[in-house]
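Below is start_39.cif, holding mmCIF, N, CA, C and O atoms.
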data_start
#
loop_
_atom_site.label_atom_id
_atom_site.label_comp_id
_atom_site.auth_asym_id
_atom_site.auth_seq_id
_atom_site.Cartn_x
_atom_site.Cartn_y
_atom_site.Cartn_z
N MET A 1 -0.91 -1.19 1.02
CA MET A 1 0.11 -1.63 1.95
C MET A 1 -0.13 -3.12 2.26
O MET A 1 -1.24 -3.61 2.16
N ALA A 2 0.94 -3.78 2.63
CA ALA A 2 0.86 -5.21 2.94
C ALA A 2 1.33 -5.45 4.37
O ALA A 2 2.17 -4.73 4.89
N ASP A 3 0.75 -6.46 4.98
CA ASP A 3 1.16 -6.91 6.31
C ASP A 3 1.83 -8.26 6.13
O ASP A 3 1.25 -9.17 5.54
N LEU A 4 3.06 -8.39 6.64
CA LEU A 4 3.82 -9.63 6.48
C LEU A 4 3.95 -10.37 7.80
O LEU A 4 4.26 -9.77 8.82
N THR A 5 3.73 -11.67 7.75
CA THR A 5 3.99 -12.54 8.90
C THR A 5 4.57 -13.85 8.37
O THR A 5 4.41 -14.19 7.21
N VAL A 6 5.24 -14.55 9.26
CA VAL A 6 5.73 -15.88 8.92
C VAL A 6 4.93 -16.87 9.75
O VAL A 6 4.89 -16.77 10.98
N ILE A 7 4.27 -17.79 9.07
CA ILE A 7 3.48 -18.82 9.73
C ILE A 7 3.98 -20.17 9.22
O ILE A 7 3.99 -20.41 8.01
N ASP A 8 4.41 -21.00 10.16
CA ASP A 8 5.02 -22.29 9.82
C ASP A 8 6.18 -22.05 8.86
O ASP A 8 7.10 -21.34 9.18
N ASP A 9 6.11 -22.60 7.67
CA ASP A 9 7.20 -22.47 6.70
C ASP A 9 6.83 -21.57 5.53
O ASP A 9 7.31 -21.74 4.41
N SER A 10 5.96 -20.58 5.78
CA SER A 10 5.50 -19.70 4.71
C SER A 10 5.51 -18.24 5.13
O SER A 10 5.26 -17.91 6.29
N LEU A 11 5.79 -17.38 4.14
CA LEU A 11 5.61 -15.95 4.31
C LEU A 11 4.18 -15.66 3.90
O LEU A 11 3.76 -15.99 2.79
N VAL A 12 3.42 -15.06 4.80
CA VAL A 12 2.03 -14.72 4.52
C VAL A 12 1.97 -13.22 4.30
O VAL A 12 2.38 -12.43 5.16
N VAL A 13 1.47 -12.83 3.13
CA VAL A 13 1.38 -11.43 2.75
C VAL A 13 -0.10 -11.09 2.64
O VAL A 13 -0.80 -11.60 1.76
N ARG A 14 -0.57 -10.23 3.54
CA ARG A 14 -1.98 -9.81 3.53
C ARG A 14 -2.06 -8.39 3.00
O ARG A 14 -1.42 -7.48 3.53
N MET A 15 -2.86 -8.20 1.95
CA MET A 15 -3.03 -6.89 1.35
C MET A 15 -4.00 -6.07 2.20
O MET A 15 -4.98 -6.61 2.73
N GLU A 16 -3.75 -4.77 2.28
CA GLU A 16 -4.61 -3.87 3.05
C GLU A 16 -4.99 -2.66 2.20
O GLU A 16 -4.27 -2.29 1.28
N GLY A 17 -6.11 -2.06 2.53
CA GLY A 17 -6.52 -0.81 1.91
C GLY A 17 -6.84 -0.93 0.44
O GLY A 17 -7.27 -1.97 -0.05
N ALA A 18 -6.59 0.16 -0.28
CA ALA A 18 -6.92 0.23 -1.71
C ALA A 18 -6.15 -0.79 -2.52
O ALA A 18 -6.67 -1.33 -3.50
N VAL A 19 -4.92 -1.10 -2.12
CA VAL A 19 -4.11 -2.07 -2.86
C VAL A 19 -4.79 -3.43 -2.86
O VAL A 19 -4.74 -4.16 -3.85
N ARG A 20 -5.46 -3.76 -1.78
CA ARG A 20 -6.18 -5.04 -1.69
C ARG A 20 -7.25 -5.13 -2.79
O ARG A 20 -7.41 -6.16 -3.43
N ILE A 21 -7.94 -4.03 -3.01
CA ILE A 21 -8.99 -4.01 -4.03
C ILE A 21 -8.38 -3.99 -5.43
O ILE A 21 -8.77 -4.76 -6.29
N LEU A 22 -7.41 -3.12 -5.62
CA LEU A 22 -6.82 -2.95 -6.95
C LEU A 22 -6.03 -4.18 -7.41
O LEU A 22 -6.02 -4.51 -8.58
N SER A 23 -5.36 -4.86 -6.49
CA SER A 23 -4.56 -6.03 -6.86
C SER A 23 -5.40 -7.28 -7.02
O SER A 23 -4.95 -8.26 -7.58
N GLN A 24 -6.61 -7.26 -6.49
CA GLN A 24 -7.54 -8.38 -6.52
C GLN A 24 -7.02 -9.60 -5.77
O GLN A 24 -7.38 -10.73 -6.05
N GLU A 25 -6.16 -9.35 -4.80
CA GLU A 25 -5.64 -10.41 -3.93
C GLU A 25 -5.79 -9.98 -2.48
O GLU A 25 -5.50 -8.84 -2.14
N ARG A 26 -6.25 -10.87 -1.64
CA ARG A 26 -6.33 -10.59 -0.21
C ARG A 26 -5.08 -11.06 0.50
O ARG A 26 -4.58 -10.42 1.40
N GLU A 27 -4.59 -12.22 0.06
CA GLU A 27 -3.48 -12.85 0.76
C GLU A 27 -2.68 -13.72 -0.20
O GLU A 27 -3.25 -14.38 -1.06
N LEU A 28 -1.37 -13.69 -0.03
CA LEU A 28 -0.48 -14.60 -0.74
C LEU A 28 0.30 -15.40 0.28
O LEU A 28 0.71 -14.85 1.31
N ARG A 29 0.51 -16.67 0.02
CA ARG A 29 1.35 -17.52 0.88
C ARG A 29 2.50 -18.01 0.03
O ARG A 29 2.30 -18.69 -0.96
N ILE A 30 3.70 -17.66 0.47
CA ILE A 30 4.92 -18.01 -0.25
C ILE A 30 5.75 -18.94 0.62
O ILE A 30 6.16 -18.55 1.72
N PRO A 31 6.02 -20.17 0.19
CA PRO A 31 6.90 -21.04 0.98
C PRO A 31 8.27 -20.37 1.16
O PRO A 31 8.83 -19.83 0.20
N LEU A 32 8.79 -20.40 2.37
CA LEU A 32 10.09 -19.79 2.64
C LEU A 32 11.18 -20.39 1.74
O LEU A 32 12.11 -19.70 1.35
N ALA A 33 11.04 -21.66 1.39
CA ALA A 33 12.02 -22.33 0.54
C ALA A 33 12.07 -21.71 -0.86
O ALA A 33 13.04 -21.90 -1.59
N HIS A 34 11.03 -20.97 -1.24
CA HIS A 34 10.98 -20.35 -2.57
C HIS A 34 11.55 -18.93 -2.57
O HIS A 34 11.63 -18.31 -3.63
N ILE A 35 11.93 -18.42 -1.40
CA ILE A 35 12.46 -17.06 -1.32
C ILE A 35 13.97 -17.08 -1.48
O ILE A 35 14.68 -17.73 -0.72
N VAL A 36 14.45 -16.37 -2.48
CA VAL A 36 15.88 -16.27 -2.76
C VAL A 36 16.49 -15.14 -1.93
O VAL A 36 17.59 -15.25 -1.42
N GLY A 37 15.76 -14.05 -1.79
CA GLY A 37 16.25 -12.90 -1.04
C GLY A 37 15.21 -11.81 -0.98
O GLY A 37 14.14 -11.91 -1.57
N VAL A 38 15.56 -10.75 -0.26
CA VAL A 38 14.66 -9.61 -0.12
C VAL A 38 15.50 -8.35 -0.02
O VAL A 38 16.56 -8.36 0.60
N VAL A 39 15.04 -7.29 -0.67
CA VAL A 39 15.75 -6.01 -0.63
C VAL A 39 14.75 -4.88 -0.44
O VAL A 39 13.59 -4.99 -0.83
N ARG A 40 15.24 -3.83 0.17
CA ARG A 40 14.43 -2.61 0.28
C ARG A 40 14.71 -1.78 -0.95
O ARG A 40 15.87 -1.62 -1.34
N ASP A 41 13.66 -1.26 -1.58
CA ASP A 41 13.85 -0.45 -2.78
C ASP A 41 12.85 0.70 -2.76
O ASP A 41 11.68 0.50 -3.04
N PRO A 42 13.31 1.92 -2.44
CA PRO A 42 12.40 3.04 -2.36
C PRO A 42 11.90 3.54 -3.73
O PRO A 42 11.06 4.42 -3.79
N ASP A 43 12.41 2.97 -4.81
CA ASP A 43 11.94 3.37 -6.14
C ASP A 43 11.84 2.14 -7.04
O ASP A 43 12.57 2.01 -8.01
N PRO A 44 10.91 1.22 -6.73
CA PRO A 44 10.85 -0.04 -7.48
C PRO A 44 10.11 0.03 -8.80
O PRO A 44 10.10 -0.92 -9.55
N PHE A 45 9.48 1.14 -9.07
CA PHE A 45 8.59 1.20 -10.22
C PHE A 45 9.33 1.24 -11.54
O PHE A 45 10.25 2.00 -11.72
N PHE A 46 8.88 0.38 -12.43
CA PHE A 46 9.35 0.52 -13.79
C PHE A 46 8.44 1.56 -14.42
O PHE A 46 7.29 1.72 -14.03
N ARG A 47 8.94 2.29 -15.34
CA ARG A 47 8.14 3.37 -15.92
C ARG A 47 7.99 3.15 -17.43
O ARG A 47 8.92 2.78 -18.11
N VAL A 48 6.82 3.39 -17.89
CA VAL A 48 6.54 3.38 -19.32
C VAL A 48 5.99 4.76 -19.63
O VAL A 48 4.87 5.10 -19.25
N GLU A 49 6.81 5.57 -20.25
CA GLU A 49 6.45 6.95 -20.55
C GLU A 49 5.91 7.66 -19.31
O GLU A 49 4.86 8.32 -19.35
N GLY A 50 6.59 7.48 -18.17
CA GLY A 50 6.23 8.20 -16.96
C GLY A 50 5.12 7.59 -16.13
O GLY A 50 4.75 8.13 -15.10
N VAL A 51 4.56 6.46 -16.55
CA VAL A 51 3.47 5.83 -15.80
C VAL A 51 4.05 4.73 -14.92
O VAL A 51 4.76 3.86 -15.41
N ARG A 52 3.74 4.77 -13.63
CA ARG A 52 4.26 3.74 -12.74
C ARG A 52 3.35 2.51 -12.74
O ARG A 52 2.19 2.59 -13.15
N ALA A 53 3.86 1.41 -12.24
CA ALA A 53 3.12 0.15 -12.25
C ALA A 53 1.92 0.21 -11.32
O ALA A 53 2.00 0.69 -10.21
N SER A 54 0.80 -0.30 -11.78
CA SER A 54 -0.40 -0.37 -10.95
C SER A 54 -0.41 -1.71 -10.22
O SER A 54 0.26 -2.65 -10.63
N PRO A 55 -1.17 -1.81 -9.12
CA PRO A 55 -1.23 -3.08 -8.39
C PRO A 55 -1.74 -4.21 -9.26
O PRO A 55 -2.61 -4.01 -10.11
N GLY A 56 -1.18 -5.38 -9.05
CA GLY A 56 -1.60 -6.57 -9.77
C GLY A 56 -0.42 -7.32 -10.35
O GLY A 56 0.71 -7.16 -9.92
N ILE A 57 -0.69 -8.12 -11.35
CA ILE A 57 0.33 -8.97 -11.97
C ILE A 57 0.90 -8.25 -13.18
O ILE A 57 0.15 -7.72 -13.99
N HIS A 58 2.22 -8.28 -13.28
CA HIS A 58 2.89 -7.64 -14.41
C HIS A 58 3.85 -8.62 -15.04
O HIS A 58 4.48 -9.41 -14.35
N ARG A 59 3.96 -8.56 -16.36
CA ARG A 59 4.90 -9.40 -17.10
C ARG A 59 5.92 -8.50 -17.78
O ARG A 59 5.57 -7.52 -18.41
N ASP A 60 7.17 -8.90 -17.67
CA ASP A 60 8.24 -8.23 -18.40
C ASP A 60 8.31 -8.91 -19.76
O ASP A 60 8.62 -10.10 -19.85
N GLU A 61 8.01 -8.17 -20.80
CA GLU A 61 7.95 -8.76 -22.14
C GLU A 61 9.30 -9.25 -22.63
O GLU A 61 9.38 -10.15 -23.46
N ASP A 62 10.40 -8.66 -22.13
CA ASP A 62 11.73 -9.05 -22.59
C ASP A 62 12.11 -10.45 -22.14
O ASP A 62 12.68 -11.23 -22.90
N ASP A 63 11.83 -10.79 -20.88
CA ASP A 63 12.23 -12.11 -20.38
C ASP A 63 11.05 -12.92 -19.82
O ASP A 63 11.25 -13.94 -19.19
N ASP A 64 9.84 -12.46 -20.07
CA ASP A 64 8.61 -13.15 -19.66
C ASP A 64 8.56 -13.35 -18.14
O ASP A 64 7.96 -14.30 -17.65
N GLU A 65 9.19 -12.46 -17.39
CA GLU A 65 9.17 -12.53 -15.93
C GLU A 65 7.81 -12.04 -15.43
O GLU A 65 7.30 -11.02 -15.86
N LYS A 66 7.23 -12.79 -14.52
CA LYS A 66 5.93 -12.45 -13.96
C LYS A 66 6.13 -11.99 -12.52
O LYS A 66 6.72 -12.70 -11.71
N SER A 67 5.67 -10.78 -12.22
CA SER A 67 5.83 -10.21 -10.89
C SER A 67 4.47 -9.79 -10.33
O SER A 67 3.57 -9.44 -11.09
N PHE A 68 4.37 -9.80 -9.00
CA PHE A 68 3.16 -9.31 -8.34
C PHE A 68 3.49 -7.99 -7.67
O PHE A 68 4.43 -7.91 -6.87
N TRP A 69 2.74 -6.95 -8.00
CA TRP A 69 2.96 -5.60 -7.47
C TRP A 69 1.77 -5.18 -6.62
O TRP A 69 0.63 -5.30 -7.05
N ALA A 70 2.04 -4.67 -5.44
CA ALA A 70 0.99 -4.10 -4.57
C ALA A 70 1.65 -2.98 -3.77
O ALA A 70 1.99 -3.16 -2.61
N VAL A 71 1.87 -1.85 -4.44
CA VAL A 71 2.59 -0.73 -3.82
C VAL A 71 1.75 0.52 -3.93
O VAL A 71 1.33 0.91 -5.01
N ASP A 72 1.55 1.15 -2.79
CA ASP A 72 0.87 2.44 -2.74
C ASP A 72 1.89 3.53 -2.40
O ASP A 72 1.89 4.60 -2.98
N ASP A 73 2.78 3.24 -1.45
CA ASP A 73 3.79 4.19 -1.00
C ASP A 73 5.17 3.65 -1.39
O ASP A 73 5.73 2.81 -0.69
N GLN A 74 5.71 4.15 -2.50
CA GLN A 74 6.96 3.58 -3.01
C GLN A 74 8.13 3.75 -2.05
O GLN A 74 9.07 2.96 -2.08
N ALA A 75 8.09 4.72 -1.15
CA ALA A 75 9.17 4.91 -0.18
C ALA A 75 9.25 3.75 0.81
O ALA A 75 10.27 3.55 1.46
N LYS A 76 8.19 2.95 0.89
CA LYS A 76 8.15 1.83 1.84
C LYS A 76 8.13 0.47 1.13
O LYS A 76 7.69 -0.52 1.69
N ALA A 77 8.64 0.45 -0.10
CA ALA A 77 8.58 -0.77 -0.91
C ALA A 77 9.74 -1.72 -0.61
O ALA A 77 10.85 -1.30 -0.32
N ILE A 78 9.43 -3.01 -0.68
CA ILE A 78 10.44 -4.07 -0.64
C ILE A 78 10.20 -4.99 -1.82
O ILE A 78 9.08 -5.07 -2.35
N ILE A 79 11.26 -5.68 -2.23
CA ILE A 79 11.16 -6.65 -3.32
C ILE A 79 11.60 -8.00 -2.77
O ILE A 79 12.72 -8.14 -2.27
N VAL A 80 10.70 -8.98 -2.86
CA VAL A 80 11.01 -10.36 -2.45
C VAL A 80 11.29 -11.13 -3.74
O VAL A 80 10.44 -11.21 -4.62
N ILE A 81 12.50 -11.67 -3.85
CA ILE A 81 12.92 -12.39 -5.04
C ILE A 81 12.64 -13.87 -4.83
O ILE A 81 13.03 -14.44 -3.81
N LEU A 82 11.96 -14.48 -5.80
CA LEU A 82 11.45 -15.84 -5.64
C LEU A 82 12.00 -16.79 -6.71
O LEU A 82 12.46 -16.35 -7.76
N ARG A 83 11.91 -18.09 -6.42
CA ARG A 83 12.22 -19.14 -7.39
C ARG A 83 11.15 -20.22 -7.25
O ARG A 83 10.52 -20.36 -6.21
N ASP A 84 10.96 -20.98 -8.30
CA ASP A 84 10.00 -22.10 -8.28
C ASP A 84 8.64 -21.65 -7.77
O ASP A 84 8.00 -22.33 -6.96
N ASN A 85 8.21 -20.49 -8.23
CA ASN A 85 6.95 -19.91 -7.76
C ASN A 85 6.20 -19.32 -8.95
O ASN A 85 6.78 -19.13 -10.02
N GLU A 86 4.94 -19.04 -8.75
CA GLU A 86 4.13 -18.42 -9.80
C GLU A 86 4.73 -17.07 -10.23
O GLU A 86 4.66 -16.69 -11.39
N TYR A 87 5.31 -16.35 -9.26
CA TYR A 87 5.92 -15.05 -9.54
C TYR A 87 7.43 -15.12 -9.33
O TYR A 87 7.91 -15.85 -8.47
N GLU A 88 8.17 -14.31 -10.10
CA GLU A 88 9.61 -14.20 -9.90
C GLU A 88 9.93 -13.14 -8.85
O GLU A 88 10.96 -13.20 -8.20
N LYS A 89 9.04 -12.15 -8.72
CA LYS A 89 9.22 -11.09 -7.73
C LYS A 89 7.88 -10.74 -7.11
O LYS A 89 6.84 -10.79 -7.76
N LEU A 90 7.95 -10.38 -5.85
CA LEU A 90 6.81 -9.86 -5.12
C LEU A 90 7.23 -8.47 -4.65
O LEU A 90 8.21 -8.33 -3.93
N VAL A 91 6.54 -7.44 -5.12
CA VAL A 91 6.89 -6.06 -4.80
C VAL A 91 5.73 -5.46 -4.02
O VAL A 91 4.63 -5.30 -4.56
N VAL A 92 5.97 -5.18 -2.73
CA VAL A 92 4.92 -4.65 -1.86
C VAL A 92 5.47 -3.52 -1.00
O VAL A 92 6.67 -3.43 -0.78
N ASP A 93 4.57 -2.67 -0.53
CA ASP A 93 4.99 -1.68 0.46
C ASP A 93 4.48 -2.13 1.82
O ASP A 93 3.44 -2.79 1.93
N VAL A 94 5.28 -1.84 2.83
CA VAL A 94 5.00 -2.28 4.20
C VAL A 94 5.20 -1.10 5.15
O VAL A 94 5.86 -0.12 4.80
N ASP A 95 4.63 -1.21 6.33
CA ASP A 95 4.73 -0.13 7.31
C ASP A 95 6.18 0.18 7.68
O ASP A 95 6.57 1.34 7.76
N ASP A 96 6.98 -0.87 7.90
CA ASP A 96 8.38 -0.70 8.29
C ASP A 96 9.25 -1.60 7.40
O ASP A 96 9.44 -2.78 7.70
N PRO A 97 9.76 -1.05 6.29
CA PRO A 97 10.53 -1.88 5.35
C PRO A 97 11.75 -2.56 5.97
O PRO A 97 12.01 -3.73 5.65
N ASP A 98 12.47 -1.86 6.83
CA ASP A 98 13.66 -2.47 7.44
C ASP A 98 13.28 -3.67 8.31
O ASP A 98 13.94 -4.71 8.27
N ALA A 99 12.21 -3.55 9.07
CA ALA A 99 11.74 -4.66 9.90
C ALA A 99 11.26 -5.82 9.04
O ALA A 99 11.50 -6.99 9.37
N ALA A 100 10.62 -5.53 7.93
CA ALA A 100 10.14 -6.58 7.03
C ALA A 100 11.32 -7.34 6.42
O ALA A 100 11.29 -8.58 6.35
N VAL A 101 12.35 -6.61 6.02
CA VAL A 101 13.55 -7.27 5.46
C VAL A 101 14.19 -8.15 6.53
O VAL A 101 14.57 -9.29 6.25
N ARG A 102 14.29 -7.64 7.76
CA ARG A 102 14.86 -8.46 8.85
C ARG A 102 14.02 -9.70 9.12
O ARG A 102 14.56 -10.79 9.33
N LEU A 103 12.70 -9.55 9.15
CA LEU A 103 11.80 -10.70 9.40
C LEU A 103 12.02 -11.79 8.36
O LEU A 103 12.20 -12.95 8.70
N ILE A 104 12.03 -11.40 7.10
CA ILE A 104 12.18 -12.40 6.03
C ILE A 104 13.57 -13.01 6.08
O ILE A 104 13.73 -14.23 6.01
N THR A 105 14.59 -12.18 6.19
CA THR A 105 15.98 -12.67 6.21
C THR A 105 16.21 -13.63 7.36
O THR A 105 16.80 -14.70 7.18
N SER A 106 15.74 -13.28 8.55
CA SER A 106 15.93 -14.15 9.71
C SER A 106 15.14 -15.46 9.58
O SER A 106 15.55 -16.48 10.11
N SER A 107 14.03 -15.44 8.86
CA SER A 107 13.23 -16.65 8.67
C SER A 107 13.86 -17.61 7.68
O SER A 107 13.54 -18.79 7.66
N LEU A 108 14.77 -17.11 6.86
CA LEU A 108 15.42 -17.95 5.86
C LEU A 108 16.60 -18.72 6.42
O LEU A 108 17.08 -19.65 5.79
N ASP A 109 17.09 -18.33 7.58
CA ASP A 109 18.25 -19.00 8.19
C ASP A 109 17.92 -20.39 8.69
O ASP A 109 16.89 -20.74 9.06
#

Since I need it in another form, could you write the structure as structure tokens?
Amino acid sequence: MADLTVIDDSLVVRMEGAVRILSQERELRIPLAHIVGVVRDPDPFFRVEGVRASPGIHRDEDDDEKSFWAVDDQAKAIIVILRDNEYEKLVVDVDDPDAAVRLITSSLD
């Protein structure tokens, strides 16, 4: 699970629990200017023969898109769509997905 806060002009994503260990990231800082949008997605996993994505960095071989995944509970997943960033997408689960979407959306205004 991830904890999201907005500090100054950045979205700060702090990894918690097993995802923190498996993703090998403690914290990501994303400039708000790099966020295109955010959506709630209760089924964000791409599947390869029934296997869901594990925490960490994933590349889509078709378009070379690089995404960061840190999801333990897919029912609480959100997708942050980025530009001009190391990742094109940030896919994390949060305690309250609707509140997280509102936090990010309101910070972009």

Taking only C-alpha atoms into account, which of A:Val39, A:Leu108, A:Ile78, A:Ala70 comes nearest A:Asp8?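 Residue with the minimum atom-to-atom distance to A:Asp8: A:Leu108.
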
Any chance you could work out the residue set of the PyMOL selection byres ((chain A and resi 88-104) around 7) here, as number ranges by chain? A: 1-4, 14, 34, 38-41, 56, 65-83, 85-87, 105-109

Which residues fall under the PyMOL selection byres ((chain A and resi 27-30) around 5) in this file, as a ChimeraX atom specification? /A:9-15,25-26,31-32

Rounded to one decimal in Å, what is the spacing between atom N of A:Ile35 and atom C of A:Asp84? 7.9 Å

Fix up stretch 82-92 of chain A with all heavy atoms, then write it as an mmCIF file, in the frame of the given file.
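As written to disk, rebuild11.cif reads:
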data_model
loop_
_atom_site.group_PDB
_atom_site.id
_atom_site.type_symbol
_atom_site.label_atom_id
_atom_site.label_comp_id
_atom_site.auth_asym_id
_atom_site.auth_seq_id
_atom_site.Cartn_x
_atom_site.Cartn_y
_atom_site.Cartn_z
ATOM 1 N N LEU A 82 11.960 -14.480 -5.800
ATOM 2 C CA LEU A 82 11.450 -15.840 -5.640
ATOM 3 C C LEU A 82 12.000 -16.790 -6.710
ATOM 4 O O LEU A 82 12.460 -16.350 -7.760
ATOM 5 C CB LEU A 82 9.925 -15.826 -5.724
ATOM 6 C CG LEU A 82 9.213 -14.874 -4.769
ATOM 7 C CD1 LEU A 82 7.741 -14.766 -5.121
ATOM 8 C CD2 LEU A 82 9.402 -15.335 -3.334
ATOM 9 N N ARG A 83 11.910 -18.090 -6.420
ATOM 10 C CA ARG A 83 12.220 -19.140 -7.390
ATOM 11 C C ARG A 83 11.150 -20.220 -7.250
ATOM 12 O O ARG A 83 10.520 -20.360 -6.210
ATOM 13 C CB ARG A 83 13.604 -19.715 -7.169
ATOM 14 C CG ARG A 83 13.696 -20.501 -5.879
ATOM 15 C CD ARG A 83 14.992 -21.299 -5.770
ATOM 16 N NE ARG A 83 15.072 -21.799 -4.422
ATOM 17 C CZ ARG A 83 16.002 -21.476 -3.542
ATOM 18 N NH1 ARG A 83 16.964 -20.658 -3.871
ATOM 19 N NH2 ARG A 83 15.974 -21.957 -2.331
ATOM 20 N N ASP A 84 10.960 -20.980 -8.300
ATOM 21 C CA ASP A 84 10.000 -22.100 -8.280
ATOM 22 C C ASP A 84 8.640 -21.650 -7.770
ATOM 23 O O ASP A 84 8.000 -22.330 -6.960
ATOM 24 C CB ASP A 84 10.526 -23.250 -7.406
ATOM 25 C CG ASP A 84 11.852 -23.784 -7.890
ATOM 26 O OD1 ASP A 84 12.081 -23.773 -9.111
ATOM 27 O OD2 ASP A 84 12.664 -24.202 -7.046
ATOM 28 N N ASN A 85 8.210 -20.490 -8.230
ATOM 29 C CA ASN A 85 6.950 -19.910 -7.760
ATOM 30 C C ASN A 85 6.200 -19.320 -8.950
ATOM 31 O O ASN A 85 6.780 -19.130 -10.020
ATOM 32 C CB ASN A 85 7.261 -18.809 -6.726
ATOM 33 C CG ASN A 85 6.067 -18.451 -5.893
ATOM 34 O OD1 ASN A 85 5.205 -17.713 -6.335
ATOM 35 N ND2 ASN A 85 6.005 -18.981 -4.686
ATOM 36 N N GLU A 86 4.940 -19.040 -8.750
ATOM 37 C CA GLU A 86 4.130 -18.420 -9.800
ATOM 38 C C GLU A 86 4.730 -17.070 -10.230
ATOM 39 O O GLU A 86 4.660 -16.690 -11.390
ATOM 40 C CB GLU A 86 2.711 -18.203 -9.274
ATOM 41 C CG GLU A 86 1.786 -17.536 -10.242
ATOM 42 C CD GLU A 86 0.391 -17.334 -9.692
ATOM 43 O OE1 GLU A 86 0.125 -17.688 -8.526
ATOM 44 O OE2 GLU A 86 -0.435 -16.794 -10.445
ATOM 45 N N TYR A 87 5.310 -16.350 -9.260
ATOM 46 C CA TYR A 87 5.920 -15.050 -9.540
ATOM 47 C C TYR A 87 7.430 -15.120 -9.330
ATOM 48 O O TYR A 87 7.910 -15.850 -8.470
ATOM 49 C CB TYR A 87 5.357 -13.981 -8.590
ATOM 50 C CG TYR A 87 3.855 -13.919 -8.569
ATOM 51 C CD1 TYR A 87 3.141 -14.316 -7.448
ATOM 52 C CD2 TYR A 87 3.153 -13.478 -9.681
ATOM 53 C CE1 TYR A 87 1.754 -14.272 -7.434
ATOM 54 C CE2 TYR A 87 1.766 -13.439 -9.679
ATOM 55 C CZ TYR A 87 1.075 -13.838 -8.550
ATOM 56 O OH TYR A 87 -0.292 -13.784 -8.541
ATOM 57 N N GLU A 88 8.170 -14.310 -10.100
ATOM 58 C CA GLU A 88 9.610 -14.200 -9.900
ATOM 59 C C GLU A 88 9.930 -13.140 -8.850
ATOM 60 O O GLU A 88 10.960 -13.200 -8.200
ATOM 61 C CB GLU A 88 10.318 -13.840 -11.213
ATOM 62 C CG GLU A 88 10.547 -15.033 -12.118
ATOM 63 C CD GLU A 88 9.284 -15.497 -12.860
ATOM 64 O OE1 GLU A 88 8.366 -14.699 -13.086
ATOM 65 O OE2 GLU A 88 9.215 -16.679 -13.190
ATOM 66 N N LYS A 89 9.040 -12.150 -8.720
ATOM 67 C CA LYS A 89 9.220 -11.090 -7.730
ATOM 68 C C LYS A 89 7.880 -10.740 -7.110
ATOM 69 O O LYS A 89 6.840 -10.790 -7.760
ATOM 70 C CB LYS A 89 9.775 -9.819 -8.375
ATOM 71 C CG LYS A 89 11.176 -9.907 -8.858
ATOM 72 C CD LYS A 89 11.594 -8.580 -9.457
ATOM 73 C CE LYS A 89 12.953 -8.704 -10.118
ATOM 74 N NZ LYS A 89 13.246 -7.552 -10.970
ATOM 75 N N LEU A 90 7.950 -10.380 -5.850
ATOM 76 C CA LEU A 90 6.810 -9.860 -5.120
ATOM 77 C C LEU A 90 7.230 -8.470 -4.650
ATOM 78 O O LEU A 90 8.210 -8.330 -3.930
ATOM 79 C CB LEU A 90 6.502 -10.759 -3.927
ATOM 80 C CG LEU A 90 5.443 -10.291 -2.951
ATOM 81 C CD1 LEU A 90 4.089 -10.236 -3.629
ATOM 82 C CD2 LEU A 90 5.400 -11.221 -1.754
ATOM 83 N N VAL A 91 6.540 -7.440 -5.120
ATOM 84 C CA VAL A 91 6.890 -6.060 -4.800
ATOM 85 C C VAL A 91 5.730 -5.460 -4.020
ATOM 86 O O VAL A 91 4.630 -5.300 -4.560
ATOM 87 C CB VAL A 91 7.170 -5.236 -6.077
ATOM 88 C CG1 VAL A 91 7.654 -3.834 -5.724
ATOM 89 C CG2 VAL A 91 8.168 -5.945 -6.976
ATOM 90 N N VAL A 92 5.970 -5.180 -2.730
ATOM 91 C CA VAL A 92 4.920 -4.650 -1.860
ATOM 92 C C VAL A 92 5.470 -3.520 -1.000
ATOM 93 O O VAL A 92 6.670 -3.430 -0.780
ATOM 94 C CB VAL A 92 4.322 -5.746 -0.941
ATOM 95 C CG1 VAL A 92 3.624 -6.826 -1.756
ATOM 96 C CG2 VAL A 92 5.391 -6.359 -0.049
#
